[in-house]
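> Handing over upload_2.csv, CSV, C-alpha atoms.
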chain,number,residue,atom,x,y,z
A,259,MET,CA,-80.5,-42.4,8.6
A,260,ALA,CA,-81.6,-39.0,7.3
A,261,VAL,CA,-79.5,-37.2,10.0
A,262,LEU,CA,-76.4,-39.3,8.9
A,263,ALA,CA,-77.1,-38.4,5.2
A,264,ALA,CA,-77.5,-34.7,6.0
A,265,GLY,CA,-74.2,-34.7,8.0
A,266,LEU,CA,-72.3,-36.3,5.2
A,267,PHE,CA,-73.8,-33.8,2.7
A,268,PHE,CA,-72.8,-30.8,4.8
A,269,THR,CA,-69.3,-32.3,5.4
A,270,GLY,CA,-68.9,-32.7,1.6
A,271,ALA,CA,-70.2,-29.1,1.0
A,272,GLY,CA,-67.7,-27.7,3.5
A,273,SER,CA,-64.8,-29.6,1.8
A,274,ALA,CA,-65.9,-28.3,-1.6
A,275,VAL,CA,-65.9,-24.7,-0.4
A,276,ALA,CA,-62.4,-25.1,1.1
A,277,ASP,CA,-61.2,-26.6,-2.2
A,278,ALA,CA,-62.7,-23.8,-4.4
A,279,TRP,CA,-60.5,-22.1,-6.9
A,280,ARG,CA,-60.1,-18.3,-6.6
A,281,ASN,CA,-58.9,-15.8,-9.1
A,282,MET,CA,-55.4,-14.3,-8.9
A,283,PRO,CA,-54.7,-10.8,-10.3
A,284,THR,CA,-52.5,-10.6,-13.4
A,285,LEU,CA,-48.8,-10.3,-12.5
A,286,ARG,CA,-46.4,-8.5,-14.8
A,287,SER,CA,-42.9,-7.2,-15.0
A,288,THR,CA,-40.6,-6.5,-17.9
A,289,GLY,CA,-40.6,-9.6,-20.1
A,290,VAL,CA,-42.9,-11.8,-18.0
A,291,LYS,CA,-46.6,-12.0,-17.4
A,292,LEU,CA,-48.7,-14.4,-15.3
A,293,THR,CA,-52.3,-14.3,-16.5
A,294,LYS,CA,-55.6,-16.2,-16.1
A,295,GLY,CA,-54.4,-17.3,-12.7
A,296,LYS,CA,-56.3,-19.2,-10.1
A,297,TYR,CA,-55.3,-20.7,-6.7
A,298,THR,CA,-56.6,-22.9,-4.0
A,299,MET,CA,-55.6,-24.0,-0.5
A,300,TYR,CA,-56.4,-27.7,-0.5
A,301,PRO,CA,-58.1,-29.1,2.6
A,302,LYS,CA,-56.1,-31.6,4.7
A,303,PHE,CA,-55.8,-35.1,3.2
A,304,THR,CA,-56.4,-33.6,-0.3
A,305,LYS,CA,-53.2,-33.1,-2.4
A,306,HIS,CA,-51.1,-32.9,0.8
A,307,GLY,CA,-53.2,-29.9,2.0
A,308,GLY,CA,-51.0,-27.8,-0.2
A,309,PHE,CA,-51.2,-24.6,-2.2
A,310,GLY,CA,-52.4,-25.2,-5.7
A,311,PHE,CA,-52.2,-22.8,-8.6
A,312,LYS,CA,-52.8,-22.7,-12.4
A,313,ALA,CA,-52.0,-19.9,-14.7
A,314,ASP,CA,-50.6,-18.9,-18.1
A,315,LEU,CA,-46.9,-18.0,-17.9
A,316,VAL,CA,-46.2,-15.6,-20.8
A,317,ASP,CA,-42.8,-14.7,-22.3
A,318,ASP,CA,-43.8,-11.1,-22.9
A,319,GLU,CA,-40.7,-10.0,-24.8
A,320,ARG,CA,-40.1,-12.9,-27.2
A,321,GLY,CA,-37.1,-11.4,-28.9
A,322,ASP,CA,-35.0,-10.8,-25.7
A,323,GLY,CA,-33.5,-14.3,-25.6
A,324,HIS,CA,-34.5,-14.8,-21.9
A,325,ASN,CA,-36.6,-17.6,-20.4
A,326,VAL,CA,-39.4,-17.0,-17.8
A,327,TYR,CA,-40.4,-19.0,-14.7
A,328,VAL,CA,-42.9,-19.0,-11.8
A,329,GLN,CA,-41.7,-19.3,-8.2
A,330,ALA,CA,-44.0,-20.5,-5.4
A,331,ARG,CA,-43.4,-21.4,-1.7
A,332,VAL,CA,-45.2,-22.3,1.5
A,333,GLU,CA,-44.2,-21.4,5.0
A,334,GLY,CA,-41.0,-22.9,6.2
A,335,TYR,CA,-39.7,-23.8,2.7
A,336,SER,CA,-37.6,-22.3,0.0
A,337,TRP,CA,-39.0,-21.1,-3.4
A,338,ARG,CA,-39.8,-23.8,-5.9
A,339,ARG,CA,-39.2,-22.9,-9.5
A,340,PHE,CA,-41.4,-23.9,-12.5
A,341,ASN,CA,-39.9,-23.0,-15.9
A,342,GLY,CA,-41.8,-21.7,-18.9
A,343,GLN,CA,-40.5,-21.6,-22.5
A,344,GLN,CA,-38.9,-18.8,-24.5
A,345,LYS,CA,-41.1,-17.1,-27.0
A,346,LYS,CA,-44.2,-19.0,-25.8
A,347,THR,CA,-47.2,-19.0,-23.4
A,348,VAL,CA,-47.2,-22.1,-21.2
A,349,ARG,CA,-50.1,-23.3,-19.0
A,350,ILE,CA,-48.7,-24.2,-15.6
A,351,GLN,CA,-50.7,-26.2,-12.9
A,352,LYS,CA,-48.8,-27.2,-9.8
A,353,GLU,CA,-49.1,-27.9,-6.1
A,354,VAL,CA,-46.7,-26.8,-3.4
A,355,TYR,CA,-46.9,-28.3,0.0
A,356,ASP,CA,-45.2,-29.2,3.3
A,357,GLY,CA,-44.7,-33.0,3.3
A,358,ALA,CA,-44.5,-33.0,7.1
A,359,ALA,CA,-47.8,-31.2,7.7
A,360,LEU,CA,-51.5,-32.0,7.1
A,361,TYR,CA,-52.0,-28.7,5.4
A,362,VAL,CA,-50.2,-25.4,4.7
A,363,SER,CA,-51.4,-22.1,6.1
A,364,GLU,CA,-49.5,-19.6,4.0
A,365,ALA,CA,-48.2,-19.4,0.4
A,366,TRP,CA,-46.4,-17.0,-1.9
A,367,ILE,CA,-46.2,-16.8,-5.7
A,368,ARG,CA,-44.4,-14.6,-8.3
A,369,ALA,CA,-43.2,-14.7,-11.9
A,370,CYS,CA,-39.7,-13.8,-13.1
A,371,ARG,CA,-37.6,-13.3,-16.2
A,372,ASP,CA,-34.3,-15.3,-16.1
A,373,ARG,CA,-31.7,-12.8,-17.3
A,374,GLY,CA,-28.7,-15.1,-16.9
A,375,SER,CA,-25.9,-15.3,-14.4
A,376,LEU,CA,-24.4,-11.8,-14.9
A,377,ARG,CA,-27.6,-9.8,-14.4
A,378,PRO,CA,-30.2,-10.2,-11.7
A,379,ASP,CA,-33.6,-11.6,-12.7
A,380,ASN,CA,-36.6,-9.3,-12.6
A,381,CYS,CA,-39.7,-10.5,-10.9
A,382,THR,CA,-43.3,-9.4,-10.5
A,383,ARG,CA,-44.7,-8.4,-7.1
A,384,THR,CA,-45.2,-11.3,-4.8
A,385,LEU,CA,-48.7,-12.4,-3.9
A,386,HIS,CA,-49.2,-13.8,-0.4
A,387,TYR,CA,-52.2,-16.0,0.5
A,388,LYS,CA,-53.4,-17.3,3.9
A,389,ARG,CA,-55.8,-20.1,4.6
Could I get this structure in the form of structure tokens?


Amino acid sequence: MAVLAAGLFFTGAGSAVADAWRNMPTLRSTGVKLTKGKYTMYPKFTKHGGFGFKADLVDDERGDGHNVYVQARVEGYSWRRFNGQQKKTVRIQKEVYDGAALYVSEAWIRACRDRGSLRPDNCTRTLHYKR
């Protein structure tokens, strides 16, 4: 019985380590900032084994009339967009995953300022994470 209990304990401890939140560096570009960021790569069978992130998305130039957004993607899929709000700081917490897989191995994230249809958006550098 003690061996079984120890095995369950260490299995749980391994899952907790795999599910740990890690700090992201602050990302910034003209008019947009992603701060206080954390990310995790969920283990299989937990939140689709996806890439989870939480961060503050900041409209850094509140008078420019442009919105801000975060983009995140996992291998094999296009960027997913999560909008912020003009003139505000918004806390965003999302999961991005591959619905056909038990877990994802790679993920990318960046923040951008939406400058409309006539001018290209400007984005921060892209962070790349691997399991």

> Between A:His324, A:Ala359, A:Trp366, A:Gly310, which one has atoms that come closest to Ser336 of chain A, using only C-alpha atoms?

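Of the candidates, the smallest distance to Ser336 of chain A is held by A:Trp366.
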
> Nearest to Ala358 of chain A among A:Tyr335, A:Gly321, A:Met282, A:Val316, with distances taken over only C-alpha atoms: which residue is it?

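Between A:Tyr335, A:Gly321, A:Met282, A:Val316, the residue approaching Ala358 of chain A most closely is A:Tyr335.
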
> Select, counting all atoms listed in the file, all protein, DNA and RNA residues no farther than 6 Å from (-50.0, -19.8, -9.2) in file coordinates, and express the selection as an NGL selection string.

:A and (297 or 311-313 or 367)

> Save out the residues we just selected, C-alpha atoms, as a CSV table (one decimal), keeping the file's coordinate frame.


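Listing of out_16.csv after writing:
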chain,number,residue,atom,x,y,z
A,297,TYR,CA,-55.3,-20.7,-6.7
A,311,PHE,CA,-52.2,-22.8,-8.6
A,312,LYS,CA,-52.8,-22.7,-12.4
A,313,ALA,CA,-52.0,-19.9,-14.7
A,367,ILE,CA,-46.2,-16.8,-5.7

> One decimal, in Å: what's the spacing between atom CA of Thr382 of chain A and atom CA of Thr304 of chain A?

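Between these atoms lies a distance of 29.3 Å.
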
> Taking only C-alpha atoms into account, name the residue in A:Thr293, A:Asn325, A:Ser287, A:Asn281 that is nearest to Arg349 of chain A.

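Of A:Thr293, A:Asn325, A:Ser287, A:Asn281, the one nearest Arg349 of chain A is A:Thr293, counting only C-alpha atoms.
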
> Between A:Lys296, A:Arg320, A:Arg371, A:Arg280, single out the one closest to Lys352 of chain A, counting all atoms listed in the file.

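Looking only at the distances to Lys352 of chain A, the closest residue turns out to be A:Lys296.
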
> Taking all atoms of segment 341-354 of chain A that the file lists and extending 4 Å past them on each side, where is the centre of the axis-aligned box and how long are its edges? Answer in Å to one decimal, as lines of an AutoDock Vina configuration file.


center_x = -44.8
center_y = -22.5
center_z = -15.2
size_x = 19.8
size_y = 18.8
size_z = 31.6

> Quick check, in Å to one decimal: how far apart do atom CA of Val326 of chain A and atom CA of Lys388 of chain A lie?

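One can read the atom CA of Val326 of chain A to atom CA of Lys388 of chain A distance as 25.8 Å.
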